[in-house]
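> Sharing a structure, written as structure tokens. Questions coming.
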Amino acid sequence: MDDVLQDPLFSVLSEENPKFRQKITPISGDCGLPGLGLTLEDRKKIIDEVSVIFHGAATLKFDEKLKIAYNINVRGTKHLLELAKETTNLKVFVHISTAYTNCHLDKIEEKIYDPPMDDARLEEIVENMDEELITAILPKILGKLPNTYAFTKAIAEVVASKYSKSLPMVIFRPGIVVGTYQEPIIGWTDNPYGPTGIVVGAGCGIVHTLHADIECIANLVPVDMTVAALITSAAEKIESQKRGSTLYNYVSSGDKPLKWREFKRLIEKHGDAVPPIRAVWCYFMMIHKFWLAHFICVIFLHYLPAMIFDTIGYLTRSKNPSLYQIYKRIDKHLGIFSYFAFRSWEFTNDSVRSLWTRLSPEDKKQFNFDISSLDWDKFFYNYIRGLRY
């Protein structure tokens, strides 16, 4: 906990309230374990004292093994919901999902869709089949969904909605979350995945080719605006005192769309002004719509240089890690990411817009989640500087 709270992200809070740590009670647990891995004492403390739950724990590995993804994303969610039912004064349960739980659809509305598989059926599969068999039939299990992350999050979302009959429930679907826009520190990020990993990799001269459609929309949302929307959605649910679930699609594609073409232009514009502190090669990155062109670039710009450097390292008995193996991992992640870089989804976000219009001027200033007010050029100016590697 001390390591987390020493992050520069908390510096502003520390200046305003030096004793803020005294208000935090850390609890040890594991969403992948039965009963969330909680002790009886901690469980009782939650039941007696917790009134607001934000459930954001999940495995974010898109290629996670199905059993692990199920245990954390589905079973862990179910266990927390059961615990929430025991609390004496629960005012709201906020389940943080993802905008891509139904990414097999072209249009995604603010409603619950049928799950790709019943959670009981999935439990039966992971409990009774060995890992080798599950891996062999995984494409058939996933159906139209691209990976175990989207698959299990889609099921978890439906599980959460079932509990809305007895719990005040908010289901929140953010887009691709990136660094901060304005607060508490401008341009802060600690997430090396997704677009951030691409920016860092390209800036360091490691990533030179990306398989994507530059005319598709990169559905990015700043983390501080996302958190502001989360807090506001919880407060709205508490004030309304309504049972049932309220669902929000928090996305940028409708109010402030950003295409991958513009994404590339902005990282180049602001990246040139602040070159990286450490780099293995100069920056250049190409985006290819056609897989063959991308594959040729991967061979000649990624693997061939890696093999040359590894050979030199072997001859000089260098202890540096294999660059070839590093590129294999990078290209695996880029391949997973390309699914989302090749499609543009139509999201409805009427509930989010309505939530914003109901805020007072003071609340709008303190909890700004209005994506339409976002200046992408300003965001990338600070985002690149915050990533200076």
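Each chain of the structure tokens is named A, B, ... in the order shown, its residues numbered from 1; ligands are numbered from 1 in display order.
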Quick one: pick out all helix (DSSP H, G or I) residues within stretch 60-129 of chain A from a backbone DSSP run and write them as an NGL selection string.

:A and (66-86 or 119-128)

> Let me see the file: selected residues, N, CA and C atoms, as a PDB file, in the first residue's frame.


```pdb
ATOM      1  N   LEU A  66      -8.408 -19.335 -19.971  1.00  0.00           N
ATOM      2  CA  LEU A  66      -9.840 -19.202 -19.703  1.00  0.00           C
ATOM      3  C   LEU A  66     -10.179 -19.460 -18.239  1.00  0.00           C
ATOM      4  N   LYS A  67      -9.550 -20.453 -17.635  1.00  0.00           N
ATOM      5  CA  LYS A  67      -9.868 -20.774 -16.243  1.00  0.00           C
ATOM      6  C   LYS A  67      -9.504 -19.622 -15.320  1.00  0.00           C
ATOM      7  N   ILE A  68      -8.346 -19.013 -15.543  1.00  0.00           N
ATOM      8  CA  ILE A  68      -7.930 -17.878 -14.714  1.00  0.00           C
ATOM      9  C   ILE A  68      -8.857 -16.692 -14.946  1.00  0.00           C
ATOM     10  N   ALA A  69      -9.170 -16.422 -16.217  1.00  0.00           N
ATOM     11  CA  ALA A  69     -10.065 -15.307 -16.545  1.00  0.00           C
ATOM     12  C   ALA A  69     -11.440 -15.512 -15.921  1.00  0.00           C
ATOM     13  N   TYR A  70     -11.925 -16.752 -15.938  1.00  0.00           N
ATOM     14  CA  TYR A  70     -13.222 -17.044 -15.321  1.00  0.00           C
ATOM     15  C   TYR A  70     -13.171 -16.827 -13.815  1.00  0.00           C
ATOM     16  N   ASN A  71     -12.151 -17.376 -13.170  1.00  0.00           N
ATOM     17  CA  ASN A  71     -12.058 -17.282 -11.711  1.00  0.00           C
ATOM     18  C   ASN A  71     -12.024 -15.837 -11.228  1.00  0.00           C
ATOM     19  N   ILE A  72     -11.308 -14.987 -11.943  1.00  0.00           N
ATOM     20  CA  ILE A  72     -11.169 -13.591 -11.512  1.00  0.00           C
ATOM     21  C   ILE A  72     -12.339 -12.735 -11.990  1.00  0.00           C
ATOM     22  N   ASN A  73     -12.633 -12.801 -13.280  1.00  0.00           N
ATOM     23  CA  ASN A  73     -13.616 -11.876 -13.863  1.00  0.00           C
ATOM     24  C   ASN A  73     -15.067 -12.263 -13.602  1.00  0.00           C
ATOM     25  N   VAL A  74     -15.350 -13.550 -13.540  1.00  0.00           N
ATOM     26  CA  VAL A  74     -16.739 -13.996 -13.356  1.00  0.00           C
ATOM     27  C   VAL A  74     -16.988 -14.465 -11.920  1.00  0.00           C
ATOM     28  N   ARG A  75     -16.255 -15.479 -11.501  1.00  0.00           N
ATOM     29  CA  ARG A  75     -16.477 -16.009 -10.152  1.00  0.00           C
ATOM     30  C   ARG A  75     -16.153 -14.961  -9.084  1.00  0.00           C
ATOM     31  N   GLY A  76     -15.062 -14.216  -9.280  1.00  0.00           N
ATOM     32  CA  GLY A  76     -14.703 -13.165  -8.328  1.00  0.00           C
ATOM     33  C   GLY A  76     -15.794 -12.115  -8.217  1.00  0.00           C
ATOM     34  N   THR A  77     -16.382 -11.754  -9.362  1.00  0.00           N
ATOM     35  CA  THR A  77     -17.493 -10.796  -9.362  1.00  0.00           C
ATOM     36  C   THR A  77     -18.691 -11.347  -8.596  1.00  0.00           C
ATOM     37  N   LYS A  78     -18.991 -12.617  -8.835  1.00  0.00           N
ATOM     38  CA  LYS A  78     -20.136 -13.246  -8.153  1.00  0.00           C
ATOM     39  C   LYS A  78     -19.923 -13.290  -6.637  1.00  0.00           C
ATOM     40  N   HIS A  79     -18.701 -13.616  -6.217  1.00  0.00           N
ATOM     41  CA  HIS A  79     -18.410 -13.667  -4.784  1.00  0.00           C
ATOM     42  C   HIS A  79     -18.531 -12.291  -4.137  1.00  0.00           C
ATOM     43  N   LEU A  80     -18.084 -11.261  -4.852  1.00  0.00           N
ATOM     44  CA  LEU A  80     -18.196  -9.910  -4.297  1.00  0.00           C
ATOM     45  C   LEU A  80     -19.654  -9.469  -4.231  1.00  0.00           C
ATOM     46  N   LEU A  81     -20.443  -9.857  -5.216  1.00  0.00           N
ATOM     47  CA  LEU A  81     -21.870  -9.528  -5.200  1.00  0.00           C
ATOM     48  C   LEU A  81     -22.578 -10.217  -4.032  1.00  0.00           C
ATOM     49  N   GLU A  82     -22.206 -11.453  -3.761  1.00  0.00           N
ATOM     50  CA  GLU A  82     -22.781 -12.166  -2.617  1.00  0.00           C
ATOM     51  C   GLU A  82     -22.398 -11.478  -1.309  1.00  0.00           C
ATOM     52  N   LEU A  83     -21.151 -11.016  -1.249  1.00  0.00           N
ATOM     53  CA  LEU A  83     -20.706 -10.283  -0.061  1.00  0.00           C
ATOM     54  C   LEU A  83     -21.471  -8.970   0.071  1.00  0.00           C
ATOM     55  N   ALA A  84     -21.701  -8.306  -1.059  1.00  0.00           N
ATOM     56  CA  ALA A  84     -22.436  -7.036  -1.045  1.00  0.00           C
ATOM     57  C   ALA A  84     -23.855  -7.218  -0.509  1.00  0.00           C
ATOM     58  N   LYS A  85     -24.470  -8.360  -0.800  1.00  0.00           N
ATOM     59  CA  LYS A  85     -25.825  -8.633  -0.307  1.00  0.00           C
ATOM     60  C   LYS A  85     -25.866  -8.752   1.215  1.00  0.00           C
ATOM     61  N   GLU A  86     -24.723  -9.081   1.813  1.00  0.00           N
ATOM     62  CA  GLU A  86     -24.663  -9.232   3.267  1.00  0.00           C
ATOM     63  C   GLU A  86     -24.392  -7.916   3.986  1.00  0.00           C
ATOM     64  N   ASP A 119     -23.141 -18.444 -17.231  1.00  0.00           N
ATOM     65  CA  ASP A 119     -22.006 -18.545 -16.305  1.00  0.00           C
ATOM     66  C   ASP A 119     -21.906 -19.926 -15.665  1.00  0.00           C
ATOM     67  N   ALA A 120     -23.034 -20.574 -15.447  1.00  0.00           N
ATOM     68  CA  ALA A 120     -23.013 -21.926 -14.875  1.00  0.00           C
ATOM     69  C   ALA A 120     -22.394 -22.921 -15.857  1.00  0.00           C
ATOM     70  N   ARG A 121     -22.683 -22.738 -17.133  1.00  0.00           N
ATOM     71  CA  ARG A 121     -22.105 -23.607 -18.164  1.00  0.00           C
ATOM     72  C   ARG A 121     -20.598 -23.394 -18.256  1.00  0.00           C
ATOM     73  N   LEU A 122     -20.163 -22.144 -18.180  1.00  0.00           N
ATOM     74  CA  LEU A 122     -18.727 -21.854 -18.230  1.00  0.00           C
ATOM     75  C   LEU A 122     -18.018 -22.447 -17.018  1.00  0.00           C
ATOM     76  N   GLU A 123     -18.654 -22.353 -15.858  1.00  0.00           N
ATOM     77  CA  GLU A 123     -18.072 -22.941 -14.648  1.00  0.00           C
ATOM     78  C   GLU A 123     -17.897 -24.449 -14.817  1.00  0.00           C
ATOM     79  N   GLU A 124     -18.880 -25.083 -15.417  1.00  0.00           N
ATOM     80  CA  GLU A 124     -18.812 -26.527 -15.648  1.00  0.00           C
ATOM     81  C   GLU A 124     -17.634 -26.884 -16.559  1.00  0.00           C
ATOM     82  N   ILE A 125     -17.397 -26.043 -17.565  1.00  0.00           N
ATOM     83  CA  ILE A 125     -16.301 -26.298 -18.508  1.00  0.00           C
ATOM     84  C   ILE A 125     -14.948 -26.181 -17.823  1.00  0.00           C
ATOM     85  N   VAL A 126     -14.729 -25.072 -17.112  1.00  0.00           N
ATOM     86  CA  VAL A 126     -13.403 -24.842 -16.519  1.00  0.00           C
ATOM     87  C   VAL A 126     -13.126 -25.781 -15.346  1.00  0.00           C
ATOM     88  N   GLU A 127     -14.186 -26.288 -14.709  1.00  0.00           N
ATOM     89  CA  GLU A 127     -13.992 -27.182 -13.574  1.00  0.00           C
ATOM     90  C   GLU A 127     -13.777 -28.635 -13.994  1.00  0.00           C
ATOM     91  N   ASN A 128     -14.277 -28.997 -15.174  1.00  0.00           N
ATOM     92  CA  ASN A 128     -14.249 -30.409 -15.557  1.00  0.00           C
ATOM     93  C   ASN A 128     -13.356 -30.729 -16.750  1.00  0.00           C
TER      94      ASN A 128
END
```

> Rank A:Leu60, A:Ile141, A:Ile287, A:Ile186 by their smallest atom-to-atom distance to A:Gly386, using only C-alpha atoms, and report the top residue only.

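Going through A:Leu60, A:Ile141, A:Ile287, A:Ile186 one by one, the smallest distance to A:Gly386 is for A:Ile186.
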
> If you count only C-alpha atoms, which residues fall within 12 Å of A:Asp190, apart from same-chain ones fewer than 4 positions away, as a list in words?

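The residues that qualify are Val4, Asp7, Pro8, Leu9, Val177, Val178, Gly179, Thr180, Gly194, Thr196, Gly197, Val200, Val223, Tyr383, Gly386, Leu387, Arg388 and Tyr389 of chain A.
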
> For A:Met225, find every residue with an atom within 7 Å (counting only C-alpha atoms), except residues of its own chain fewer than 4 positions away, and show them as a PyMOL selection string.

chain A and resi 229+368-369

> For A:Leu90, work out the shell of residues within 9 Å, counting only C-alpha atoms and skipping chain neighbours fewer than 6 positions away, then give it as an mmCIF file with N, CA and C atoms, in the first residue's frame.


```
data_model
loop_
_atom_site.group_PDB
_atom_site.id
_atom_site.type_symbol
_atom_site.label_atom_id
_atom_site.label_comp_id
_atom_site.auth_asym_id
_atom_site.auth_seq_id
_atom_site.Cartn_x
_atom_site.Cartn_y
_atom_site.Cartn_z
ATOM 1 N N ILE A 47 -18.730 -6.071 5.737
ATOM 2 C CA ILE A 47 -20.179 -6.186 5.936
ATOM 3 C C ILE A 47 -20.708 -5.078 6.841
ATOM 4 N N VAL A 50 -18.812 -0.998 5.053
ATOM 5 C CA VAL A 50 -18.763 -0.518 3.665
ATOM 6 C C VAL A 50 -20.167 -0.204 3.151
ATOM 7 N N SER A 51 -20.309 0.970 2.534
ATOM 8 C CA SER A 51 -21.608 1.369 1.981
ATOM 9 C C SER A 51 -21.559 1.621 0.475
ATOM 10 N N VAL A 52 -20.365 1.776 -0.083
ATOM 11 C CA VAL A 52 -20.205 2.003 -1.523
ATOM 12 C C VAL A 52 -19.124 1.055 -2.036
ATOM 13 N N ILE A 53 -19.432 0.310 -3.087
ATOM 14 C CA ILE A 53 -18.464 -0.622 -3.666
ATOM 15 C C ILE A 53 -18.227 -0.280 -5.128
ATOM 16 N N ALA A 84 -21.701 -8.306 -1.059
ATOM 17 C CA ALA A 84 -22.436 -7.036 -1.045
ATOM 18 C C ALA A 84 -23.855 -7.218 -0.509
ATOM 19 N N LEU A 167 -29.822 -5.325 -5.324
ATOM 20 C CA LEU A 167 -28.775 -4.344 -5.037
ATOM 21 C C LEU A 167 -28.926 -3.119 -5.928
ATOM 22 N N PRO A 168 -28.639 -1.916 -5.397
ATOM 23 C CA PRO A 168 -28.613 -0.716 -6.247
ATOM 24 C C PRO A 168 -27.371 -0.791 -7.140
#
```

> For atom CA of A:Ser166 and atom CA of A:Ile231, determine how far apart the two atoms are, in Å to one decimal place.

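Pair atom CA of A:Ser166 / atom CA of A:Ile231 returns 21.2 Å.
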
> When you count only C-alpha atoms, which of these residues is closest to A:Pro116: A:Thr226, A:Thr148, A:Thr135, A:Thr311?

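Checking each of A:Thr226, A:Thr148, A:Thr135, A:Thr311 against A:Pro116, counting only C-alpha atoms, the winner is A:Thr148.
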
> Excluding A:Lys107 and its own-chain neighbours fewer than 5 positions away, which residues fall within 9 Å of it when counting only C-alpha atoms? Please give them as a PyMOL selection string.

chain A and resi 102+345-348

> Tell me which protein, DNA and RNA residues are within 10 Å of stretch 328-335 of chain A, counting only C-alpha atoms, leaving out same-chain ones fewer than 4 positions away, and put them as a list in words.

Lys61, Phe62, Asp63, Tyr193, Gly194, Pro195, Gly197, Ile198, Gly201, Ile206, Val207, Thr209, Leu210, His211, Ala212, Val298, His302, Tyr303, Leu323, Tyr324, Tyr339, Phe340 and Ala341 of chain A

> Those selected residues, please, written with N, CA and C atoms and delivered as a short mmCIF file (atom, residue, chain, number, x, y, z; two decimals), in the first residue's frame.


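Generated output (out02.cif):
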```cif
data_model
loop_
_atom_site.label_atom_id
_atom_site.label_comp_id
_atom_site.auth_asym_id
_atom_site.auth_seq_id
_atom_site.Cartn_x
_atom_site.Cartn_y
_atom_site.Cartn_z
N LYS A 61 -5.34 -9.26 -19.02
CA LYS A 61 -4.63 -9.94 -20.11
C LYS A 61 -5.65 -10.47 -21.11
N PHE A 62 -5.59 -9.96 -22.33
CA PHE A 62 -6.55 -10.38 -23.34
C PHE A 62 -6.40 -11.86 -23.68
N ASP A 63 -5.19 -12.39 -23.54
CA ASP A 63 -4.95 -13.79 -23.88
C ASP A 63 -4.81 -14.66 -22.64
N TYR A 193 -0.02 -0.68 -21.36
CA TYR A 193 -0.72 -1.52 -22.32
C TYR A 193 -1.43 -0.68 -23.38
N GLY A 194 -1.92 -1.37 -24.41
CA GLY A 194 -2.72 -0.73 -25.44
C GLY A 194 -2.00 0.40 -26.15
N PRO A 195 -2.69 1.51 -26.39
CA PRO A 195 -2.09 2.64 -27.12
C PRO A 195 -0.84 3.19 -26.44
N GLY A 197 1.44 1.56 -24.75
CA GLY A 197 2.56 0.69 -25.11
C GLY A 197 3.06 0.95 -26.51
N ILE A 198 2.14 1.25 -27.43
CA ILE A 198 2.52 1.56 -28.80
C ILE A 198 3.31 2.86 -28.86
N GLY A 201 6.75 2.21 -27.28
CA GLY A 201 7.55 1.36 -28.15
C GLY A 201 8.02 2.07 -29.40
N ILE A 206 11.52 0.96 -31.10
CA ILE A 206 11.34 -0.50 -31.07
C ILE A 206 10.20 -0.93 -31.99
N VAL A 207 9.07 -0.26 -31.90
CA VAL A 207 7.91 -0.60 -32.74
C VAL A 207 7.91 0.27 -33.99
N THR A 209 5.97 -0.85 -37.03
CA THR A 209 4.83 -1.15 -37.90
C THR A 209 3.63 -1.55 -37.06
N LEU A 210 2.46 -1.14 -37.51
CA LEU A 210 1.21 -1.42 -36.81
C LEU A 210 0.18 -1.84 -37.83
N HIS A 211 -0.54 -2.91 -37.53
CA HIS A 211 -1.59 -3.41 -38.41
C HIS A 211 -2.91 -2.80 -37.98
N ALA A 212 -3.37 -1.79 -38.71
CA ALA A 212 -4.58 -1.06 -38.31
C ALA A 212 -5.16 -0.34 -39.51
N VAL A 298 7.31 -6.41 -40.39
CA VAL A 298 7.67 -7.10 -39.15
C VAL A 298 8.95 -7.90 -39.34
N HIS A 302 11.58 -5.64 -37.55
CA HIS A 302 11.57 -6.16 -36.18
C HIS A 302 12.51 -7.36 -36.03
N TYR A 303 12.18 -8.46 -36.72
CA TYR A 303 12.90 -9.71 -36.46
C TYR A 303 14.32 -9.74 -37.03
N LEU A 323 16.64 -9.91 -27.95
CA LEU A 323 15.77 -8.93 -28.60
C LEU A 323 14.73 -9.65 -29.46
N TYR A 324 15.09 -10.79 -30.00
CA TYR A 324 14.16 -11.57 -30.81
C TYR A 324 12.96 -12.02 -29.96
N TYR A 339 -7.21 -6.16 -33.57
CA TYR A 339 -8.65 -6.41 -33.68
C TYR A 339 -9.44 -5.14 -33.40
N PHE A 340 -9.00 -4.38 -32.40
CA PHE A 340 -9.72 -3.17 -32.00
C PHE A 340 -9.32 -1.97 -32.86
N ALA A 341 -8.22 -2.09 -33.60
CA ALA A 341 -7.77 -1.00 -34.46
C ALA A 341 -8.30 -1.15 -35.88
#
```

> Rank nothing, just name the residue among A:His104, A:Asn249, A:Ser28, A:Phe284 nearest to A:Asn147, using only C-alpha atoms.

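Checking each candidate against A:Asn147, we get A:His104 as the closest.
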
> Hey, can you check how far atom CA of A:Asn191 sits from atom CA of A:Ser372?

23.8 Å

> Which residue out of A:Lys269, A:Lys364, A:His294, A:Lys91 has the minimum interatomic distance to A:Gly203 when only C-alpha atoms are used?

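Among the listed residues, the smallest separation from A:Gly203 belongs to A:Lys269.
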
> For the atom pair atom CA of A:Tyr248 and atom CA of A:Ser373, what is the interatomic distance in Å to one decimal place?

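Rounded to one decimal, the two atoms are 18.6 Å apart.
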
> Measuring atom to atom with only C-alpha atoms, identify which of A:Asp350, A:Asp272, A:Asp114, A:Asp130 is nearest to A:Ala156.

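Checking each of A:Asp350, A:Asp272, A:Asp114, A:Asp130 against A:Ala156, counting only C-alpha atoms, the winner is A:Asp114.
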